[in-house]
file work_14.cif (mmCIF, N, CA and C atoms)
data_target
loop_
_atom_site.label_atom_id
_atom_site.label_comp_id
_atom_site.auth_asym_id
_atom_site.auth_seq_id
_atom_site.Cartn_x
_atom_site.Cartn_y
_atom_site.Cartn_z
N MET A 119 8.29 -11.60 -61.88
CA MET A 119 8.15 -11.45 -60.44
C MET A 119 8.18 -9.98 -60.04
N LYS A 120 9.09 -9.21 -60.65
CA LYS A 120 9.21 -7.79 -60.33
C LYS A 120 7.91 -7.06 -60.65
N LYS A 121 7.28 -7.38 -61.80
CA LYS A 121 6.01 -6.75 -62.17
C LYS A 121 4.92 -7.08 -61.16
N LEU A 122 4.91 -8.32 -60.68
CA LEU A 122 3.92 -8.74 -59.70
C LEU A 122 4.08 -7.96 -58.38
N LEU A 123 5.30 -7.74 -57.93
CA LEU A 123 5.54 -6.95 -56.73
C LEU A 123 5.07 -5.52 -56.91
N ILE A 124 5.32 -4.94 -58.06
CA ILE A 124 4.89 -3.57 -58.35
C ILE A 124 3.37 -3.48 -58.34
N ILE A 125 2.71 -4.44 -58.94
CA ILE A 125 1.24 -4.45 -58.96
C ILE A 125 0.68 -4.59 -57.56
N PHE A 126 1.18 -5.56 -56.77
CA PHE A 126 0.69 -5.75 -55.40
C PHE A 126 0.96 -4.52 -54.55
N SER A 127 2.13 -3.92 -54.73
CA SER A 127 2.47 -2.72 -53.97
C SER A 127 1.52 -1.57 -54.29
N SER A 128 1.22 -1.38 -55.58
CA SER A 128 0.33 -0.29 -55.97
C SER A 128 -1.10 -0.52 -55.51
N LEU A 129 -1.49 -1.76 -55.32
CA LEU A 129 -2.83 -2.08 -54.84
C LEU A 129 -2.91 -2.05 -53.31
N GLY A 130 -1.77 -1.82 -52.64
CA GLY A 130 -1.78 -1.71 -51.19
C GLY A 130 -1.59 -3.03 -50.46
N PHE A 131 -1.20 -4.09 -51.16
CA PHE A 131 -1.00 -5.36 -50.49
C PHE A 131 0.28 -5.36 -49.65
N PHE A 132 1.27 -4.56 -50.05
CA PHE A 132 2.51 -4.45 -49.30
C PHE A 132 2.69 -3.01 -48.89
N ASN A 133 3.17 -2.81 -47.70
CA ASN A 133 3.44 -1.46 -47.22
C ASN A 133 4.93 -1.36 -46.92
N PHE A 134 5.67 -0.77 -47.84
CA PHE A 134 7.12 -0.70 -47.69
C PHE A 134 7.57 0.40 -46.75
N ALA A 135 6.77 1.42 -46.56
CA ALA A 135 7.11 2.52 -45.66
C ALA A 135 5.84 2.98 -44.96
N ASN A 136 5.94 3.16 -43.67
CA ASN A 136 4.78 3.61 -42.90
C ASN A 136 4.87 5.12 -42.74
N ALA A 137 4.18 5.85 -43.61
CA ALA A 137 4.22 7.31 -43.59
C ALA A 137 3.54 7.87 -42.35
N ASP A 138 2.68 7.09 -41.71
CA ASP A 138 1.94 7.57 -40.55
C ASP A 138 2.66 7.29 -39.22
N GLU A 139 3.85 6.73 -39.28
CA GLU A 139 4.57 6.40 -38.06
C GLU A 139 4.91 7.68 -37.28
N VAL A 140 4.55 7.69 -36.02
CA VAL A 140 4.79 8.85 -35.16
C VAL A 140 6.12 8.65 -34.43
N LYS A 141 6.94 9.65 -34.43
CA LYS A 141 8.22 9.62 -33.71
C LYS A 141 8.09 10.48 -32.47
N LEU A 142 8.70 10.04 -31.38
CA LEU A 142 8.68 10.73 -30.10
C LEU A 142 10.11 11.04 -29.69
N SER A 143 10.32 12.25 -29.16
CA SER A 143 11.60 12.57 -28.53
C SER A 143 11.28 13.34 -27.24
N PHE A 144 12.26 13.39 -26.34
CA PHE A 144 12.06 14.10 -25.08
C PHE A 144 13.38 14.62 -24.56
N ASP A 145 13.28 15.58 -23.65
CA ASP A 145 14.43 16.17 -22.99
C ASP A 145 14.16 16.09 -21.49
N TRP A 146 15.09 15.52 -20.72
CA TRP A 146 14.87 15.38 -19.28
C TRP A 146 14.60 16.72 -18.60
N GLY A 147 15.12 17.79 -19.13
CA GLY A 147 14.90 19.11 -18.51
C GLY A 147 15.79 19.29 -17.29
N ASP A 148 15.32 20.10 -16.37
CA ASP A 148 16.11 20.46 -15.19
C ASP A 148 15.76 19.63 -13.96
N ILE A 149 15.57 18.34 -14.14
CA ILE A 149 15.26 17.51 -12.97
C ILE A 149 16.51 17.38 -12.10
N PRO A 150 16.33 17.26 -10.78
CA PRO A 150 17.49 17.11 -9.89
C PRO A 150 18.20 15.79 -10.18
N LEU A 151 19.53 15.82 -10.15
CA LEU A 151 20.31 14.60 -10.32
C LEU A 151 19.92 13.61 -9.23
N CYS A 152 19.69 12.37 -9.62
CA CYS A 152 19.27 11.35 -8.66
C CYS A 152 19.93 10.02 -9.02
N THR A 153 20.73 9.49 -8.07
CA THR A 153 21.38 8.19 -8.26
C THR A 153 21.28 7.33 -7.00
N SER A 154 20.34 7.67 -6.12
CA SER A 154 20.20 6.98 -4.83
C SER A 154 19.25 5.79 -4.90
N GLY A 155 18.47 5.68 -5.98
CA GLY A 155 17.44 4.65 -6.03
C GLY A 155 16.14 5.11 -5.40
N LYS A 156 16.09 6.35 -4.91
CA LYS A 156 14.88 6.92 -4.30
C LYS A 156 14.43 8.12 -5.14
N PRO A 157 13.58 7.89 -6.13
CA PRO A 157 13.21 8.94 -7.08
C PRO A 157 12.51 10.14 -6.44
N ASN A 158 12.70 11.28 -7.08
CA ASN A 158 11.98 12.50 -6.72
C ASN A 158 10.68 12.55 -7.52
N THR A 159 9.72 13.31 -7.04
CA THR A 159 8.52 13.58 -7.82
C THR A 159 8.79 14.86 -8.61
N VAL A 160 8.70 14.77 -9.93
CA VAL A 160 9.03 15.89 -10.82
C VAL A 160 7.96 16.05 -11.89
N SER A 161 8.01 17.18 -12.58
CA SER A 161 7.10 17.43 -13.70
C SER A 161 7.59 16.72 -14.96
N ASN A 162 6.63 16.39 -15.82
CA ASN A 162 6.97 15.71 -17.06
C ASN A 162 7.99 16.51 -17.88
N PRO A 163 8.80 15.80 -18.65
CA PRO A 163 9.73 16.50 -19.55
C PRO A 163 8.98 17.09 -20.74
N VAL A 164 9.68 17.86 -21.55
CA VAL A 164 9.13 18.34 -22.81
C VAL A 164 9.16 17.16 -23.78
N PHE A 165 8.02 16.86 -24.39
CA PHE A 165 7.91 15.81 -25.40
C PHE A 165 7.71 16.48 -26.76
N THR A 166 8.33 15.91 -27.79
CA THR A 166 8.11 16.38 -29.16
C THR A 166 7.66 15.20 -30.00
N LEU A 167 6.53 15.37 -30.69
CA LEU A 167 5.98 14.35 -31.59
C LEU A 167 6.16 14.80 -33.02
N SER A 168 6.45 13.87 -33.91
CA SER A 168 6.58 14.22 -35.33
C SER A 168 5.23 14.51 -35.96
N SER A 169 4.19 13.91 -35.40
CA SER A 169 2.81 14.10 -35.87
C SER A 169 1.88 13.52 -34.82
N ILE A 170 0.59 13.67 -35.07
CA ILE A 170 -0.41 13.09 -34.17
C ILE A 170 -1.23 12.09 -34.99
N PRO A 171 -1.42 10.88 -34.48
CA PRO A 171 -2.19 9.90 -35.23
C PRO A 171 -3.63 10.39 -35.50
N LYS A 172 -4.17 9.97 -36.62
CA LYS A 172 -5.53 10.32 -36.99
C LYS A 172 -6.49 9.90 -35.87
N ASN A 173 -7.41 10.78 -35.53
CA ASN A 173 -8.44 10.58 -34.50
C ASN A 173 -7.92 10.62 -33.06
N ALA A 174 -6.63 10.80 -32.86
CA ALA A 174 -6.10 10.86 -31.49
C ALA A 174 -6.35 12.24 -30.89
N LYS A 175 -6.97 12.24 -29.73
CA LYS A 175 -7.24 13.49 -28.99
C LYS A 175 -6.47 13.54 -27.68
N TRP A 176 -6.07 12.38 -27.18
CA TRP A 176 -5.37 12.26 -25.91
C TRP A 176 -4.14 11.37 -26.07
N ALA A 177 -3.16 11.58 -25.20
CA ALA A 177 -2.01 10.68 -25.13
C ALA A 177 -1.71 10.40 -23.67
N TYR A 178 -1.41 9.16 -23.36
CA TYR A 178 -0.95 8.79 -22.03
C TYR A 178 0.54 8.50 -22.14
N PHE A 179 1.35 9.25 -21.39
CA PHE A 179 2.80 9.08 -21.39
C PHE A 179 3.19 8.29 -20.15
N LYS A 180 3.99 7.24 -20.35
CA LYS A 180 4.37 6.34 -19.25
C LYS A 180 5.87 6.12 -19.29
N LEU A 181 6.53 6.23 -18.12
CA LEU A 181 7.97 6.01 -18.03
C LEU A 181 8.25 4.62 -17.48
N GLN A 182 9.25 3.96 -18.10
CA GLN A 182 9.67 2.64 -17.62
C GLN A 182 11.19 2.59 -17.58
N ASP A 183 11.72 2.08 -16.49
CA ASP A 183 13.16 1.80 -16.36
C ASP A 183 13.38 0.44 -17.02
N ARG A 184 14.11 0.40 -18.11
CA ARG A 184 14.31 -0.85 -18.86
C ARG A 184 15.18 -1.83 -18.08
N ASN A 185 15.97 -1.33 -17.09
CA ASN A 185 16.79 -2.21 -16.28
C ASN A 185 16.01 -2.79 -15.10
N VAL A 186 14.96 -2.08 -14.66
CA VAL A 186 14.09 -2.54 -13.57
C VAL A 186 12.64 -2.28 -14.01
N PRO A 187 12.13 -3.07 -14.97
CA PRO A 187 10.82 -2.79 -15.55
C PRO A 187 9.65 -2.91 -14.58
N SER A 188 9.83 -3.56 -13.46
CA SER A 188 8.73 -3.70 -12.51
C SER A 188 8.49 -2.44 -11.68
N TYR A 189 9.47 -1.52 -11.64
CA TYR A 189 9.30 -0.30 -10.86
C TYR A 189 8.34 0.63 -11.59
N LYS A 190 7.37 1.15 -10.88
CA LYS A 190 6.34 2.01 -11.48
C LYS A 190 6.71 3.49 -11.29
N HIS A 191 7.19 4.11 -12.36
CA HIS A 191 7.54 5.54 -12.34
C HIS A 191 6.32 6.42 -12.60
N GLY A 192 5.28 5.82 -13.15
CA GLY A 192 4.07 6.58 -13.41
C GLY A 192 4.08 7.27 -14.76
N GLY A 193 3.17 8.20 -14.90
CA GLY A 193 3.00 8.93 -16.15
C GLY A 193 1.78 9.81 -16.03
N GLY A 194 1.25 10.22 -17.16
CA GLY A 194 0.07 11.07 -17.09
C GLY A 194 -0.57 11.32 -18.44
N TRP A 195 -1.80 11.80 -18.37
CA TRP A 195 -2.60 12.11 -19.55
C TRP A 195 -2.34 13.53 -20.03
N VAL A 196 -2.35 13.69 -21.36
CA VAL A 196 -2.19 15.00 -22.00
C VAL A 196 -3.24 15.11 -23.10
N GLU A 197 -4.01 16.19 -23.07
CA GLU A 197 -4.92 16.47 -24.17
C GLU A 197 -4.09 17.09 -25.29
N LEU A 198 -4.17 16.51 -26.49
CA LEU A 198 -3.27 16.90 -27.56
C LEU A 198 -3.60 18.24 -28.22
N LYS A 199 -4.84 18.51 -28.51
CA LYS A 199 -5.26 19.78 -29.14
C LYS A 199 -4.38 20.13 -30.34
N ASP A 200 -4.02 19.14 -31.14
CA ASP A 200 -3.18 19.31 -32.33
C ASP A 200 -1.76 19.79 -32.02
N ASN A 201 -1.34 19.74 -30.77
CA ASN A 201 0.01 20.16 -30.41
C ASN A 201 0.98 19.00 -30.57
N THR A 202 2.09 19.25 -31.27
CA THR A 202 3.13 18.23 -31.39
C THR A 202 4.25 18.45 -30.37
N THR A 203 4.20 19.57 -29.66
CA THR A 203 5.12 19.81 -28.55
C THR A 203 4.31 19.83 -27.26
N ILE A 204 4.68 18.96 -26.33
CA ILE A 204 4.02 18.87 -25.04
C ILE A 204 4.96 19.50 -24.02
N ASN A 205 4.53 20.58 -23.43
CA ASN A 205 5.38 21.31 -22.48
C ASN A 205 5.48 20.58 -21.15
N SER A 206 6.51 20.93 -20.39
CA SER A 206 6.70 20.41 -19.04
C SER A 206 5.63 20.99 -18.12
N GLY A 207 5.35 20.28 -17.03
CA GLY A 207 4.44 20.79 -16.01
C GLY A 207 3.00 20.35 -16.14
N ILE A 208 2.70 19.41 -17.03
CA ILE A 208 1.32 18.96 -17.21
C ILE A 208 0.97 17.84 -16.23
N PHE A 209 1.92 16.98 -15.92
CA PHE A 209 1.70 15.91 -14.94
C PHE A 209 3.00 15.64 -14.19
N ASP A 210 2.89 14.99 -13.04
CA ASP A 210 4.06 14.61 -12.24
C ASP A 210 4.30 13.11 -12.34
N TYR A 211 5.55 12.73 -12.18
CA TYR A 211 5.94 11.32 -12.20
C TYR A 211 7.16 11.14 -11.31
N LYS A 212 7.55 9.90 -11.06
CA LYS A 212 8.74 9.62 -10.28
C LYS A 212 9.94 9.62 -11.22
N SER A 213 10.90 10.48 -10.92
CA SER A 213 12.05 10.71 -11.80
C SER A 213 12.91 9.46 -11.98
N PRO A 214 13.72 9.47 -13.02
CA PRO A 214 14.72 8.39 -13.13
C PRO A 214 15.69 8.54 -11.95
N CYS A 215 16.12 7.42 -11.39
CA CYS A 215 17.01 7.47 -10.23
C CYS A 215 17.68 6.12 -10.02
N PRO A 216 18.55 5.72 -10.93
CA PRO A 216 19.20 4.41 -10.79
C PRO A 216 20.10 4.37 -9.56
N PRO A 217 20.08 3.27 -8.80
CA PRO A 217 20.88 3.18 -7.59
C PRO A 217 22.39 3.05 -7.85
N SER A 218 22.75 2.65 -9.06
CA SER A 218 24.18 2.56 -9.39
C SER A 218 24.33 2.58 -10.90
N GLY A 219 25.25 3.34 -11.38
CA GLY A 219 25.51 3.39 -12.81
C GLY A 219 24.40 4.07 -13.58
N LYS A 220 24.33 3.76 -14.87
CA LYS A 220 23.30 4.32 -15.74
C LYS A 220 22.26 3.26 -16.05
N HIS A 221 21.01 3.71 -16.16
CA HIS A 221 19.92 2.84 -16.61
C HIS A 221 19.33 3.44 -17.88
N THR A 222 18.69 2.61 -18.66
CA THR A 222 17.97 3.07 -19.84
C THR A 222 16.51 3.23 -19.47
N TYR A 223 15.97 4.39 -19.80
CA TYR A 223 14.57 4.70 -19.50
C TYR A 223 13.81 4.91 -20.80
N ARG A 224 12.56 4.45 -20.82
CA ARG A 224 11.72 4.57 -22.01
C ARG A 224 10.43 5.30 -21.68
N TRP A 225 10.16 6.37 -22.42
CA TRP A 225 8.84 7.00 -22.40
C TRP A 225 8.03 6.41 -23.53
N THR A 226 6.84 5.93 -23.23
CA THR A 226 5.92 5.44 -24.24
C THR A 226 4.71 6.36 -24.27
N ALA A 227 4.29 6.75 -25.47
CA ALA A 227 3.08 7.56 -25.65
C ALA A 227 2.02 6.66 -26.27
N TYR A 228 0.89 6.53 -25.57
CA TYR A 228 -0.24 5.76 -26.06
C TYR A 228 -1.31 6.76 -26.49
N PHE A 229 -1.75 6.68 -27.73
CA PHE A 229 -2.71 7.63 -28.27
C PHE A 229 -4.12 7.04 -28.28
N THR A 230 -5.09 7.85 -27.82
CA THR A 230 -6.48 7.41 -27.75
C THR A 230 -7.40 8.53 -28.22
N GLU A 231 -8.65 8.15 -28.53
CA GLU A 231 -9.66 9.15 -28.91
C GLU A 231 -10.18 9.90 -27.70
N LYS A 232 -10.17 9.23 -26.54
CA LYS A 232 -10.66 9.88 -25.32
C LYS A 232 -9.82 9.38 -24.15
N LYS A 233 -9.87 10.14 -23.07
CA LYS A 233 -9.18 9.75 -21.85
C LYS A 233 -9.90 8.53 -21.29
N THR A 234 -9.18 7.44 -21.10
CA THR A 234 -9.78 6.18 -20.67
C THR A 234 -9.12 5.68 -19.39
N SER A 235 -9.63 4.60 -18.88
CA SER A 235 -8.99 3.97 -17.72
C SER A 235 -7.79 3.16 -18.20
N LEU A 236 -6.91 2.87 -17.24
CA LEU A 236 -5.72 2.08 -17.54
C LEU A 236 -5.98 0.62 -17.24
N GLY A 237 -5.47 -0.24 -18.09
CA GLY A 237 -5.57 -1.67 -17.84
C GLY A 237 -4.57 -2.11 -16.79
N PHE A 238 -4.56 -3.38 -16.47
CA PHE A 238 -3.67 -3.94 -15.45
C PHE A 238 -2.20 -3.65 -15.76
N SER A 239 -1.85 -3.65 -17.05
CA SER A 239 -0.46 -3.44 -17.46
C SER A 239 -0.05 -1.97 -17.43
N GLY A 240 -1.01 -1.08 -17.16
CA GLY A 240 -0.71 0.34 -17.18
C GLY A 240 -0.92 0.98 -18.53
N LYS A 241 -1.41 0.20 -19.47
CA LYS A 241 -1.70 0.69 -20.82
C LYS A 241 -3.17 1.12 -20.88
N PRO A 242 -3.46 2.29 -21.46
CA PRO A 242 -4.85 2.73 -21.53
C PRO A 242 -5.70 1.83 -22.43
N LYS A 243 -6.98 1.86 -22.19
CA LYS A 243 -7.90 1.12 -23.06
C LYS A 243 -8.18 1.96 -24.30
N GLY A 244 -8.42 1.31 -25.44
CA GLY A 244 -8.76 2.00 -26.68
C GLY A 244 -7.59 2.66 -27.38
N VAL A 245 -6.41 2.10 -27.28
CA VAL A 245 -5.22 2.69 -27.91
C VAL A 245 -5.33 2.63 -29.43
N ILE A 246 -5.15 3.78 -30.08
CA ILE A 246 -5.12 3.86 -31.55
C ILE A 246 -3.75 3.44 -32.05
N SER A 247 -2.71 3.99 -31.43
CA SER A 247 -1.33 3.64 -31.75
C SER A 247 -0.44 4.07 -30.60
N ASP A 248 0.82 3.67 -30.67
CA ASP A 248 1.77 4.10 -29.65
C ASP A 248 3.15 4.27 -30.26
N THR A 249 4.01 4.92 -29.52
CA THR A 249 5.38 5.12 -29.94
C THR A 249 6.22 5.29 -28.68
N PHE A 250 7.54 5.19 -28.81
CA PHE A 250 8.38 5.35 -27.63
C PHE A 250 9.72 5.96 -28.00
N ALA A 251 10.40 6.45 -26.98
CA ALA A 251 11.77 6.95 -27.11
C ALA A 251 12.52 6.57 -25.85
N SER A 252 13.79 6.22 -25.98
CA SER A 252 14.59 5.78 -24.85
C SER A 252 15.86 6.63 -24.73
N LYS A 253 16.31 6.79 -23.47
CA LYS A 253 17.57 7.47 -23.18
C LYS A 253 18.17 6.88 -21.92
N LYS A 254 19.48 7.00 -21.81
CA LYS A 254 20.16 6.60 -20.58
C LYS A 254 20.11 7.77 -19.59
N TYR A 255 20.12 7.42 -18.28
CA TYR A 255 20.17 8.43 -17.24
C TYR A 255 21.06 7.89 -16.14
N PRO A 256 21.89 8.64 -15.46
CA PRO A 256 22.23 10.03 -15.81
C PRO A 256 23.15 10.10 -17.00
#
call {"tool": "encode", "arguments": {"input": "work_14.cif", "output": "structure tokens"}}
result
Amino acid sequence: MKKLLIIFSSLGFFNFANADEVKLSFDWGDIPLCTSGKPNTVSNPVFTLSSIPKNAKWAYFKLQDRNVPSYKHGGGWVELKDNTTINSGIFDYKSPCPPSGKHTYRWTAYFTEKKTSLGFSGKPKGVISDTFASKKYP
């Protein structure tokens, strides 16, 4: 059985590790503290990607409050140009602003070959791959 697993693995039938997996991290930056439930309009945070998926030229970054997923914080398009660090100030969005306590927020990066329209769910059309990172705020 062990020999069979080794053979299948070497032929690519099993993928034990995804070397192409993209990791995302972000830093909220200097956004104003907000706990009123009425978000401010602010510039995107600094995003750091571990790599860029093959053929990806654009990324759409979207923020979601995991405690109130129906609230639309927005996001924006970024042309990648082989950059794994996305600086602040490229697009504006509605800041995290939980009305009480802490909420968990998730940034999702959707990678595409070209800037496309967004579907009903807010996900771009033609996504090659995606990744996300979450943090509590405040």
call {"tool": "residues_around", "arguments": {"input": "work_14.cif", "residues": "Ser206 in chain A", "least_positions_apart": "6", "cutoff": "5 Å", "atoms": "only N, CA and C atoms", "output": "ChimeraX atom specification"}}
result
/A:162-164
call {"tool": "resolve_selection", "arguments": {"input": "work_14.cif", "expression": "the PyMOL selection byres ((chain A and resi 145) around 6.5)", "output": "PyMOL selection string"}}
result
chain A and resi 143-144+146-147+163-166
call {"tool": "atom_distance", "arguments": {"input": "work_14.cif", "atom1": "CA of Val140 in chain A", "atom2": "CA of Ile170 in chain A"}}
result
6.8 Å
call {"tool": "resolve_selection", "arguments": {"input": "work_14.cif", "expression": "the PyMOL selection byres (((chain A and resi 210 and name CA) around 12) and name CA)", "output": "list of chain:residue names"}}
result
A:Ile149, A:Pro157, A:Asn158, A:Thr159, A:Val160, A:Ser161, A:Asn162, A:Pro163, A:Phe179, A:Lys180, A:Leu181, A:His191, A:Gly192, A:Gly193, A:Gly194, A:Trp195, A:Val196, A:Ser206, A:Gly207, A:Ile208, A:Phe209, A:Tyr211, A:Lys212, A:Ser213
call {"tool": "closest_residue", "arguments": {"input": "work_14.cif", "among": "A:Ser218, A:Trp225, A:Lys141, A:Ile204", "to": "Pro171 in chain A", "atoms": "only C-alpha atoms"}}
result
A:Lys141
call {"tool": "atom_distance", "arguments": {"input": "work_14.cif", "atom1": "CA of Tyr228 in chain A", "atom2": "CA of Pro216 in chain A"}}
result
24.8 Å
call {"tool": "resolve_selection", "arguments": {"input": "work_14.cif", "expression": "the PyMOL selection byres ((chain A and resi 246) around 6)", "output": "list of chain:residue names"}}
result
A:Phe229, A:Thr230, A:Glu231, A:Gly244, A:Val245, A:Ser247, A:Asp248
